>>> print(open('upload-v6.cif').read())   # mmCIF, C-alpha atoms and all ligand atoms
data_start
loop_
_atom_site.label_atom_id
_atom_site.label_comp_id
_atom_site.auth_asym_id
_atom_site.auth_seq_id
_atom_site.Cartn_x
_atom_site.Cartn_y
_atom_site.Cartn_z
CA MET V 29 -18.53 28.13 -0.88
CA PHE V 30 -20.72 25.64 -2.72
CA ILE V 31 -22.09 26.51 -6.17
CA THR V 32 -24.32 24.77 -8.71
CA PRO V 33 -23.03 23.48 -12.07
CA GLN V 34 -24.83 26.38 -13.80
CA GLU V 35 -23.10 28.94 -11.54
CA ALA V 36 -19.78 27.17 -12.13
CA ALA V 37 -20.25 27.47 -15.90
CA GLU V 38 -21.00 31.20 -15.57
CA GLN V 39 -17.92 31.76 -13.41
CA LEU V 40 -15.70 29.79 -15.80
CA LYS V 41 -16.94 31.82 -18.77
CA ALA V 42 -16.17 34.98 -16.75
CA GLY V 43 -12.54 33.81 -16.31
CA LYS V 44 -12.79 32.45 -12.75
CA VAL V 45 -11.41 29.20 -11.30
CA VAL V 46 -13.81 26.66 -9.75
CA ALA V 47 -13.49 23.12 -8.38
CA LEU V 48 -15.54 20.36 -10.00
CA PRO V 49 -16.16 16.69 -9.21
CA THR V 50 -15.06 14.01 -11.66
CA GLU V 51 -15.36 10.24 -11.27
CA THR V 52 -11.64 10.03 -10.41
CA VAL V 53 -10.73 13.03 -8.22
CA TYR V 54 -11.91 16.66 -7.97
CA GLY V 55 -10.42 19.02 -10.55
CA LEU V 56 -9.43 22.70 -10.28
CA ALA V 57 -10.97 23.99 -13.48
CA ALA V 58 -10.40 26.98 -15.76
CA SER V 59 -11.72 27.62 -19.26
CA LEU V 60 -9.28 26.63 -22.00
CA THR V 61 -9.97 30.04 -23.58
CA LYS V 62 -8.94 32.06 -20.50
CA PRO V 63 -5.12 32.19 -20.14
CA LEU V 64 -5.31 34.36 -17.00
CA ALA V 65 -7.55 31.80 -15.30
CA ILE V 66 -5.14 29.03 -16.38
CA ALA V 67 -2.28 31.01 -14.79
CA GLU V 68 -4.38 31.31 -11.62
CA VAL V 69 -4.77 27.50 -11.50
CA PHE V 70 -0.94 27.15 -11.44
CA ARG V 71 -0.67 29.88 -8.78
CA LEU V 72 -3.36 28.46 -6.50
CA LYS V 73 -1.91 24.95 -6.62
CA GLY V 74 1.72 26.08 -6.38
CA ARG V 75 2.25 23.97 -9.49
CA PRO V 76 5.55 24.17 -11.41
CA GLN V 77 5.03 25.85 -14.80
CA ASP V 78 6.63 22.94 -16.66
CA ASN V 79 3.92 20.48 -15.55
CA PRO V 80 1.20 20.50 -18.23
CA LEU V 81 -2.56 20.20 -17.59
CA ILE V 82 -5.21 17.81 -18.89
CA VAL V 83 -7.84 19.32 -21.19
CA HIS V 84 -11.33 18.00 -20.36
CA LEU V 85 -13.81 17.70 -23.23
CA SER V 86 -17.51 16.87 -23.35
CA SER V 87 -17.08 14.29 -26.13
CA ALA V 88 -14.50 12.62 -28.34
CA LYS V 89 -15.91 14.49 -31.36
CA GLU V 90 -14.32 17.69 -30.04
CA LEU V 91 -10.81 16.24 -30.39
CA ASP V 92 -10.70 17.05 -34.10
CA LYS V 93 -10.47 20.79 -33.36
CA TYR V 94 -7.11 20.35 -31.69
CA LEU V 95 -5.29 17.41 -33.27
CA ALA V 96 -2.43 17.59 -35.74
CA GLY V 97 -2.71 15.29 -38.76
CA GLY V 98 -1.43 11.72 -38.61
CA THR V 99 -3.37 10.64 -35.52
CA PRO V 100 -2.10 7.43 -33.89
CA PRO V 101 -3.63 4.02 -34.65
CA SER V 102 -6.36 2.73 -32.31
CA LEU V 103 -7.26 6.27 -31.22
CA LEU V 104 -10.88 5.87 -32.30
CA GLU V 105 -11.14 2.44 -30.66
CA LEU V 106 -9.68 3.77 -27.39
CA THR V 107 -12.04 6.73 -27.22
CA LYS V 108 -15.06 4.54 -28.14
CA ARG V 109 -14.21 1.97 -25.50
CA PHE V 110 -13.10 4.20 -22.61
CA TRP V 111 -14.72 7.66 -22.96
CA PRO V 112 -16.39 8.99 -20.96
CA GLY V 113 -14.14 7.47 -18.31
CA PRO V 114 -10.79 7.47 -16.52
CA LEU V 115 -8.47 7.45 -19.54
CA THR V 116 -6.29 10.39 -20.59
CA LEU V 117 -4.60 10.41 -24.00
CA VAL V 118 -1.49 12.46 -24.81
CA LEU V 119 -1.78 13.45 -28.48
CA PRO V 120 0.08 15.62 -31.01
CA ILE V 121 -1.78 18.90 -31.51
CA ARG V 122 -1.87 21.97 -33.70
CA GLU V 123 -0.03 24.21 -31.26
CA GLU V 124 -2.12 27.32 -31.92
CA THR V 125 -5.25 25.56 -30.61
CA ILE V 126 -4.05 25.12 -26.99
CA PRO V 127 -2.52 27.93 -24.87
CA GLU V 128 1.20 27.34 -24.26
CA SER V 129 0.78 27.60 -20.49
CA ALA V 130 -1.78 24.75 -20.40
CA ARG V 131 0.55 22.34 -22.22
CA ALA V 132 3.82 23.67 -20.70
CA ASN V 133 5.16 24.37 -24.20
CA GLN V 134 4.94 20.71 -25.23
CA PRO V 135 3.96 19.90 -28.84
CA THR V 136 1.38 17.51 -27.36
CA CYS V 137 -1.63 17.85 -25.10
CA ALA V 138 -3.37 15.48 -22.69
CA PHE V 139 -7.14 15.03 -23.21
CA ARG V 140 -9.91 13.23 -21.41
CA VAL V 141 -13.72 13.03 -21.37
CA PRO V 142 -14.73 12.64 -17.71
CA ASP V 143 -17.68 10.59 -16.51
CA HIS V 144 -19.45 12.53 -13.77
CA PRO V 145 -22.84 14.18 -14.41
CA GLN V 146 -21.88 17.52 -12.86
CA ILE V 147 -18.64 18.16 -14.74
CA ARG V 148 -20.37 16.92 -17.89
CA GLU V 149 -23.09 19.52 -17.39
CA VAL V 150 -20.49 22.25 -16.86
CA LEU V 151 -18.56 21.13 -19.98
CA SER V 152 -21.74 21.31 -22.06
CA LEU V 153 -22.37 24.89 -20.86
CA ALA V 154 -18.84 26.32 -20.67
CA GLY V 155 -16.82 24.34 -23.26
CA ALA V 156 -13.38 22.75 -22.87
CA LEU V 157 -11.69 23.06 -19.46
CA VAL V 158 -8.23 22.48 -18.06
CA ALA V 159 -8.48 20.68 -14.71
CA PRO V 160 -5.56 19.39 -12.67
CA SER V 161 -6.43 17.61 -9.44
CA ALA V 162 -7.79 20.19 -6.95
CA ASN V 163 -5.06 19.79 -4.31
CA LEU V 164 -2.04 21.84 -3.34
CA SER V 165 0.87 20.60 -5.44
CA GLY V 166 2.55 17.55 -3.88
CA LYS V 167 -0.33 16.73 -1.54
CA PRO V 168 -2.77 13.80 -1.84
CA SER V 169 -5.50 14.42 -4.42
CA PRO V 170 -9.03 15.35 -3.27
CA THR V 171 -11.86 12.83 -3.48
CA SER V 172 -14.53 14.97 -1.78
CA ALA V 173 -15.61 18.61 -1.73
CA GLN V 174 -14.39 18.80 1.89
CA HIS V 175 -10.87 17.81 0.78
CA VAL V 176 -10.86 20.67 -1.74
CA MET V 177 -12.03 23.14 0.89
CA ARG V 178 -9.31 22.01 3.28
CA ASP V 179 -6.65 22.89 0.67
CA PHE V 180 -8.16 26.09 -0.71
CA GLY V 181 -10.58 27.40 1.94
CA GLN V 182 -12.78 30.18 0.56
CA GLN V 183 -10.45 30.91 -2.37
CA VAL V 184 -12.22 28.50 -4.72
CA PRO V 185 -15.97 27.80 -5.05
CA VAL V 186 -16.78 24.08 -5.25
CA VAL V 187 -19.51 22.06 -6.96
CA ASP V 188 -20.23 19.32 -4.42
CA GLY V 189 -20.63 16.02 -6.26
CA GLY V 190 -20.14 13.79 -3.23
CA CYS V 191 -17.29 11.29 -2.92
CA CYS V 192 -15.61 10.35 -6.19
CA SER V 193 -16.74 6.90 -7.32
CA GLN V 194 -13.27 5.84 -8.54
CA GLY V 195 -10.89 7.67 -6.20
CA VAL V 196 -7.59 7.73 -8.11
CA GLU V 197 -6.63 9.70 -11.24
CA SER V 198 -7.11 8.59 -14.83
CA THR V 199 -4.57 6.33 -16.50
CA ILE V 200 -2.51 8.31 -19.05
CA LEU V 201 -1.55 6.71 -22.38
CA ALA V 202 0.93 8.35 -24.74
CA TYR V 203 1.86 7.25 -28.26
CA LYS V 204 5.60 7.03 -28.95
CA ASP V 205 7.82 5.02 -31.34
CA ASP V 206 4.81 3.34 -32.98
CA GLN V 207 3.12 2.13 -29.84
CA TRP V 208 1.05 3.24 -26.86
CA PHE V 209 2.78 3.51 -23.48
CA ILE V 210 1.48 4.12 -19.99
CA ALA V 211 2.69 7.57 -18.96
CA ARG V 212 0.88 7.41 -15.60
CA LEU V 213 -0.69 4.43 -13.86
CA GLY V 214 -4.26 5.14 -12.80
CA MET V 215 -7.76 3.75 -12.53
CA LEU V 216 -7.41 1.52 -15.61
CA PRO V 217 -4.79 -1.21 -15.14
CA PRO V 218 -2.47 -2.05 -18.10
CA GLU V 219 -4.39 -5.22 -19.02
CA SER V 220 -7.60 -3.23 -19.65
CA PHE V 221 -6.12 -2.18 -23.00
CA LEU V 222 -5.24 -5.67 -24.26
CA THR V 223 -8.43 -6.21 -26.26
CA THR V 224 -8.52 -2.71 -27.76
CA LEU V 225 -4.82 -2.42 -28.67
CA GLY V 226 -3.93 -6.09 -29.19
CA TYR V 227 -1.08 -5.68 -26.70
CA GLN V 228 -0.63 -4.60 -23.11
CA PRO V 229 1.00 -1.15 -23.02
CA ARG V 230 4.23 -0.95 -21.04
CA SER V 231 5.10 1.87 -18.67
CA LEU V 232 7.40 4.52 -20.09
CA SER V 233 10.81 4.17 -18.48
CA PRO V 234 11.55 7.12 -16.17
CA ASP V 235 14.30 8.49 -18.46
CA ALA V 236 11.90 8.41 -21.43
CA LEU V 237 9.25 10.46 -19.66
CA LEU V 238 7.47 12.71 -22.08
CA CYS V 239 6.49 15.09 -19.38
CA PRO V 240 9.05 17.02 -17.33
CA GLY V 241 6.44 17.52 -14.59
CA SER V 242 6.34 13.83 -13.69
CA ARG V 243 9.52 14.09 -11.65
CA TYR V 244 7.89 16.17 -8.92
CA LYS V 245 6.96 14.90 -5.49
CA HIS V 246 3.35 13.67 -5.40
CA TYR V 247 0.54 12.45 -3.21
CA ALA V 248 2.54 12.97 0.02
CA PRO V 249 1.02 13.55 3.45
CA GLY V 250 3.07 15.31 6.14
CA ALA V 251 3.62 11.98 7.92
CA LYS V 252 6.57 9.70 7.30
CA LEU V 253 5.28 6.45 5.77
CA ILE V 254 7.05 3.14 6.38
CA LEU V 255 6.11 0.59 3.75
CA GLY V 256 6.33 -2.89 5.22
CA ARG V 257 5.60 -6.42 4.23
CA THR V 258 6.06 -8.31 7.49
CA GLY V 259 5.87 -7.17 11.12
CA TYR V 260 5.59 -3.49 11.77
CA ALA V 261 7.74 -0.73 13.14
CA GLN V 262 7.65 -0.43 16.93
CA GLU V 263 7.49 3.34 16.80
CA ALA V 264 4.46 3.43 14.49
CA GLU V 265 1.25 3.42 16.47
CA VAL V 266 -0.72 4.21 13.35
CA VAL V 267 -1.24 1.63 10.62
CA ILE V 268 -2.62 2.00 7.13
CA GLY V 269 -3.96 -1.48 6.50
CA PHE V 270 -6.85 -3.74 5.69
CA ALA V 271 -10.12 -4.39 7.52
CA ASP V 272 -9.67 -8.18 7.35
CA ARG V 273 -6.15 -8.23 8.83
CA CYS V 274 -5.03 -7.82 12.46
CA TYR V 275 -2.51 -5.28 13.70
CA PRO V 276 -2.42 -6.07 17.43
CA ARG V 277 0.04 -3.33 18.45
CA ALA V 278 -1.68 -0.53 16.54
CA LYS V 279 -3.52 2.23 18.40
CA LEU V 280 -5.19 3.44 15.21
CA VAL V 281 -5.80 1.55 11.95
CA LEU V 282 -6.77 3.59 8.89
CA SER V 283 -8.48 1.10 6.62
CA LEU V 284 -8.10 0.76 2.86
CA GLY V 285 -10.98 -1.75 2.92
CA ASN V 286 -10.75 -5.48 2.37
CA SER V 287 -7.42 -6.97 1.25
CA SER V 288 -9.17 -8.74 -1.65
CA ALA V 289 -10.80 -5.52 -2.96
CA PRO V 290 -8.35 -3.31 -4.89
CA LEU V 291 -11.11 -0.98 -6.11
CA SER V 292 -12.01 -0.14 -2.51
CA ALA V 293 -8.34 0.48 -1.76
CA LEU V 294 -8.16 2.93 -4.68
CA GLN V 295 -11.36 4.65 -3.56
CA ASN V 296 -10.16 5.00 0.05
CA LEU V 297 -6.49 5.76 -0.59
CA TYR V 298 -6.41 9.56 -0.71
CA HIS V 299 -8.95 9.91 2.09
CA VAL V 300 -6.73 7.75 4.30
CA LEU V 301 -3.58 9.72 3.38
CA ARG V 302 -5.41 12.98 4.09
CA GLN V 303 -6.56 11.69 7.48
CA LEU V 304 -2.89 11.47 8.52
CA ASP V 305 -2.60 15.24 8.06
CA GLU V 306 -5.94 15.98 9.71
CA LYS V 307 -5.00 13.93 12.75
CA LYS V 308 -1.48 15.46 12.75
CA ILE V 309 0.14 12.03 12.65
CA SER V 310 3.91 12.08 12.15
CA ILE V 311 4.63 8.45 11.30
CA ALA V 312 2.53 5.56 9.99
CA TRP V 313 3.28 1.98 9.01
CA VAL V 314 1.71 0.82 5.76
CA ASP V 315 0.69 -2.80 5.16
CA PHE V 316 2.30 -3.10 1.73
CA GLU V 317 1.46 -6.76 1.27
CA MET V 318 -0.54 -6.55 -1.93
CA PRO V 319 0.06 -8.24 -5.28
CA PRO V 320 2.09 -6.30 -7.90
CA ALA V 321 -0.65 -6.77 -10.50
CA GLY V 322 -3.88 -5.27 -11.83
CA HIS V 323 -5.40 -2.38 -9.87
CA TRP V 324 -3.00 -3.07 -6.99
CA LEU V 325 -0.16 -1.75 -9.19
CA THR V 326 -1.68 1.72 -8.91
CA VAL V 327 -2.23 1.46 -5.14
CA ARG V 328 1.44 0.42 -4.75
CA GLU V 329 2.75 3.17 -7.02
CA ARG V 330 0.82 5.92 -5.19
CA LEU V 331 1.96 4.62 -1.78
CA LEU V 332 5.58 4.43 -2.97
CA ARG V 333 5.42 8.02 -4.14
CA ALA V 334 3.58 9.16 -1.01
CA ALA V 335 6.38 7.61 1.07
CA GLN V 336 9.15 9.53 -0.76
CA GLN V 337 10.47 12.16 1.64
O1 LIG X 401 -8.24 11.85 -13.27
C1 LIG X 401 -7.55 12.82 -13.66
O2 LIG X 401 -6.79 12.73 -14.64
C2 LIG X 401 -7.67 14.12 -12.88
C3 LIG X 401 -9.09 14.65 -13.00
C4 LIG X 401 -9.28 15.98 -12.32
O3 LIG X 401 -9.46 14.70 -14.36
N1 LIG X 401 -6.73 15.09 -13.34
C5 LIG X 401 -5.39 15.01 -13.06
O4 LIG X 401 -4.65 16.11 -13.48
O5 LIG X 401 -4.89 14.07 -12.49
P1 LIG X 401 -3.19 16.43 -12.90
O6 LIG X 401 -2.86 17.77 -13.46
O7 LIG X 401 -3.18 16.29 -11.44
O8 LIG X 401 -2.29 15.37 -13.59
C6 LIG X 401 -2.05 15.48 -14.97
C7 LIG X 401 -0.86 14.66 -15.36
C8 LIG X 401 0.44 15.24 -14.87
O9 LIG X 401 1.27 14.22 -14.37
C9 LIG X 401 1.04 15.82 -16.14
O10 LIG X 401 2.43 15.83 -16.06
C10 LIG X 401 0.50 14.89 -17.21
O11 LIG X 401 -0.81 14.64 -16.79
N2 LIG X 401 0.44 15.51 -18.55
C11 LIG X 401 -0.34 16.53 -18.93
N3 LIG X 401 -0.08 16.89 -20.20
C12 LIG X 401 0.87 16.06 -20.65
C13 LIG X 401 1.58 15.92 -21.88
N4 LIG X 401 1.35 16.72 -22.91
N5 LIG X 401 2.51 14.95 -21.96
C14 LIG X 401 2.74 14.13 -20.92
N6 LIG X 401 2.13 14.22 -19.72
C15 LIG X 401 1.21 15.17 -19.58
MG MG X 402 -2.49 15.85 -9.58
#
>>> encode(input="upload-v6.cif", output="structure tokens")
Amino acid sequence: MFITPQEAAEQLKAGKVVALPTETVYGLAASLTKPLAIAEVFRLKGRPQDNPLIVHLSSAKELDKYLAGGTPPSLLELTKRFWPGPLTLVLPIREETIPESARANQPTCAFRVPDHPQIREVLSLAGALVAPSANLSGKPSPTSAQHVMRDFGQQVPVVDGGCCSQGVESTILAYKDDQWFIARLGMLPPESFLTTLGYQPRSLSPDALLCPGSRYKHYAPGAKLILGRTGYAQEAEVVIGFADRCYPRAKLVLSLGNSSAPLSALQNLYHVLRQLDEKKISIAWVDFEMPPAGHWLTVRERLLRAAQQ
């Protein structure tokens, strides 16, 4: 069922769960003040309880309500430069301000100010919202209202905001041992932070992960994905590749766009992965020849995780 932003705000205030568009992917939203609705978000997604949620705010000014003293350096500069937008910040909080279930009992919470007119309208009417990606846990994230409906059917009303302009989740930065680290690659590549921070944040090593939830399987279609750099597997009639390259033996090519356009690849990625399920494809060969730099880092990381069986 489709609803308007105003109806979504009313439902959220009444303790219901709704799906909302953001510029990255659709989110499955509940009010931060409604613990039962937050529990319902975990249930609907089949999400492990130890995987915390991102709190979505309408502006950076609202952060003050939640933060513990001693906020990290460059916080103001980061929020000024990147909010609203696809950046999530993991910050130390006063624990009583965020329900335990939303932050999976961590002493920190992840925050972002999204940049899509419809979720911004809902935030202004209904206040702070938790919103994980609106997909069943482990599956590719949704970048259209139709994707959300395929995962949740009539269980969740959706505000239809069209196709997400960015297509992959926000980049998550966390502050640890006196510096900012990338806790999840996303729409903003590591070098985007160079000017604001004075250094390029490194990725947290897997054993230093702040968040226990990060170890779960992610972004995976039902199909087996073979990541290849040269030639392609005989048995794979389906190729995930680029519009400007040739795959003579392929019966079906699902295109990520042009091989010189990483932003198109990010925007198309989840739609392509979801098409594998819709078309009931069991095996696909992925053209993995893309540079390990910039926005391509995120495309590579998502494909690597999607290929994990
Ligand atoms: O673009 C996005 O960020 C989308 C849209 C809907 O805003 N949201 C999203 O949420 O990707 P979700 O729940 O699918 O991913 C949130 C990630 C998870 O990997 C979770 O483990 C991590 O954020 N996270 C949340 N709170 C954290 C915390 N306190 N410390 C470390 N990681 C945290
Ligand atoms: Mg997700």
>>> residues_near_ligand(input="upload-v6.cif", ligand="ligand MG 402 (chain X)", cutoff="12 Å", atoms="only C-alpha atoms and all ligand atoms", output="VMD selection string")
chain V and resid 52 to 56 70 73 to 76 79 to 82 159 to 171 196 to 199 212 214 241 to 242 244 to 248 298 330
>>> atom_distance(input="upload-v6.cif", atom1="atom CA of V:Gln295", atom2="atom CA of V:Arg71")
27.9 Å
>>> residues_around(input="upload-v6.cif", residues="V:Lys41", least_positions_apart="4", cutoff="8 Å", atoms="all atoms listed in the file", output="NGL selection string")
:V and (37 or 59 or 154)
>>> write_last_selection(input="upload-v6.cif", atoms="C-alpha atoms", output="mmCIF file, in the frame of the given file")
data_model
loop_
_atom_site.group_PDB
_atom_site.id
_atom_site.type_symbol
_atom_site.label_atom_id
_atom_site.label_comp_id
_atom_site.auth_asym_id
_atom_site.auth_seq_id
_atom_site.Cartn_x
_atom_site.Cartn_y
_atom_site.Cartn_z
ATOM 1 C CA ALA V 37 -20.250 27.470 -15.900
ATOM 2 C CA SER V 59 -11.720 27.620 -19.260
ATOM 3 C CA ALA V 154 -18.840 26.320 -20.670
#
>>> closest_residue(input="upload-v6.cif", among="V:Leu325, V:Leu60, V:Ala312, V:Leu48", to="ligand LIG 401 (chain X)", atoms="only C-alpha atoms and all ligand atoms")
V:Leu48
>>> closest_residue(input="upload-v6.cif", among="V:Phe209, V:Trp313, V:Trp324, V:Phe221", to="ligand LIG 401 (chain X)", atoms="all atoms listed in the file")
V:Phe209
>>> residues_around(input="upload-v6.cif", residues="stretch 104-110 of chain V", least_positions_apart="5", cutoff="7 Å", atoms="only C-alpha atoms", output="ChimeraX atom specification")
/V:88,115,224
>>> residues_around(input="upload-v6.cif", residues="V:Ala156", least_positions_apart="5", cutoff="8 Å", atoms="all atoms listed in the file", output="list in words")
Ser59, Leu60, Val83, His84, Leu85, Ser86 and Leu151 of chain V
>>> residues_around(input="upload-v6.cif", residues="V:Tyr227", least_positions_apart="6", cutoff="10 Å", atoms="all atoms listed in the file", output="mmCIF file with C-alpha atoms, in the frame of the given file")
data_model
loop_
_atom_site.group_PDB
_atom_site.id
_atom_site.type_symbol
_atom_site.label_atom_id
_atom_site.label_comp_id
_atom_site.auth_asym_id
_atom_site.auth_seq_id
_atom_site.Cartn_x
_atom_site.Cartn_y
_atom_site.Cartn_z
ATOM 1 C CA GLN V 207 3.120 2.130 -29.840
ATOM 2 C CA TRP V 208 1.050 3.240 -26.860
ATOM 3 C CA PRO V 218 -2.470 -2.050 -18.100
ATOM 4 C CA GLU V 219 -4.390 -5.220 -19.020
ATOM 5 C CA SER V 220 -7.600 -3.230 -19.650
ATOM 6 C CA PHE V 221 -6.120 -2.180 -23.000
#
>>> closest_residue(input="upload-v6.cif", among="V:Leu95, V:Ala202, V:Ala36, V:Leu153", to="ligand LIG 401 (chain X)", atoms="all atoms listed in the file")
V:Ala202
>>> closest_residue(input="upload-v6.cif", among="V:Pro100, V:Ala138, V:Tyr94, V:Asp143", to="V:Arg122", atoms="only C-alpha atoms")
V:Tyr94
